[in-house]
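A.B. asks: Input: one structure, supplied below.
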Amino acid sequence: MIKGYLNQTATWHYTTGLNEYGEPITGSKLIKVRWEGKRRLVRDNEGREVVSEARVFCIEPVKPGDILKYEDRDWPVISVSIVPGLDGSENHREVAV
């Protein structure tokens, strides 16, 4: 249902694990998003209130700590809300950056 509205592209940078030295192993991928520049107050994973500059809708498993690159700027992911569909399964994610 939301796929028709994902008409923008961002590069998703994520961590897949740690190597034998404890350093993060990263990956990146182009994903379809709906980017809405709207400032609002959100809570991060540790419960602190922080200002989010935009909200992003996507269907990829983006998580806090990841980075979305959009319009030549790196946007750290602050928080993620999973939005269920009518059948109860995950429909999409709303990401605060």
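Every chain in the structure tokens has a letter given in the order shown (A, B, ...), and although residue numbers restart at 1 in each chain, ligands are simply numbered from 1 in the order shown.
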Residues within 6 Å of Ile67 in chain A, please, as a list in words. Count only C-alpha atoms; anything in the same chain fewer than 6 positions from it doesn't count.

C.D. replies: His13, Trp75, Pro76 and Val77 of chain A

A.B. asks: Can you write just those residues out, N, CA and C atoms, as a PDB file, in the first residue's frame?

C.D. replies:
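Output file again-v4.pdb follows:
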ATOM      1  N   HIS A  13      23.038   2.934   5.054  1.00  0.00           N
ATOM      2  CA  HIS A  13      24.291   2.384   5.575  1.00  0.00           C
ATOM      3  C   HIS A  13      23.962   1.681   6.885  1.00  0.00           C
ATOM      4  N   TRP A  75      22.354  11.278   7.429  1.00  0.00           N
ATOM      5  CA  TRP A  75      21.354  11.498   8.469  1.00  0.00           C
ATOM      6  C   TRP A  75      21.363  10.288   9.399  1.00  0.00           C
ATOM      7  N   PRO A  76      21.810  10.438  10.645  1.00  0.00           N
ATOM      8  CA  PRO A  76      21.767   9.306  11.579  1.00  0.00           C
ATOM      9  C   PRO A  76      20.330   8.990  11.978  1.00  0.00           C
ATOM     10  N   VAL A  77      20.016   7.709  12.054  1.00  0.00           N
ATOM     11  CA  VAL A  77      18.674   7.266  12.448  1.00  0.00           C
ATOM     12  C   VAL A  77      18.554   7.380  13.960  1.00  0.00           C
TER      13      VAL A  77
END

A.B. asks: Please, which residues of chain A, numbered as in this document, come out strand (DSSP E or B) from DSSP, as a PyMOL selection string?

C.D. replies: chain A and resi 8-18+24-36+40-43+49-52+55-58+67-70+73-76+79-84+90-96

A.B. asks: List as a VMD selection string the protein and nucleic acid residues near range 16-32 of chain A, meaning an atom at most 9 Å away when only C-alpha atoms are counted, but skip any in the same chain fewer than 2 places from it.

C.D. replies: chain A and resid 3 6 to 14 34 57 to 60

A.B. asks: What lies within 7 Å of Asp44 in chain A using only C-alpha atoms, ignoring chain neighbours under 6 positions off, as a list of chain:residue names?

C.D. replies: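 Answer for this query is A:Val50, A:Ile78, A:Ser79.
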
A.B. asks: Given only C-alpha atoms as the basis, pick out the residue of A:Val80, A:Met1, A:His92, A:Leu86 nearest to Gly65 in chain A.

C.D. replies: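 The closest residue to Gly65 in chain A is A:Val80.
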
A.B. asks: May I ask which of the residues A:Gly85, A:Asp72, A:Val42, A:Thr15 is the closest one to Ala54 in chain A, counting only C-alpha atoms?

C.D. replies: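 Checking each of A:Gly85, A:Asp72, A:Val42, A:Thr15 against Ala54 in chain A, counting only C-alpha atoms, the winner is A:Val42.
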
A.B. asks: Take CA of Arg73 in chain A and CA of Asn91 in chain A and report the distance between them in Å, one decimal.

C.D. replies: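 It comes out at 26.9 Å.
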
A.B. asks: Smallest atom-to-atom distance to Val97 in chain A: which of A:Arg55, A:Ile2, A:Glu46, A:Val83, using only C-alpha atoms?

C.D. replies: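 Under the stated criterion, the closest residue is A:Arg55.
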
A.B. asks: Calculated over only C-alpha atoms, which of the candidates A:Asp87, A:Ala96, A:Tyr5, A:Leu41 has the smallest distance to Val62 in chain A?

C.D. replies: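 Among A:Asp87, A:Ala96, A:Tyr5, A:Leu41, it is A:Ala96 that comes nearest to Val62 in chain A.
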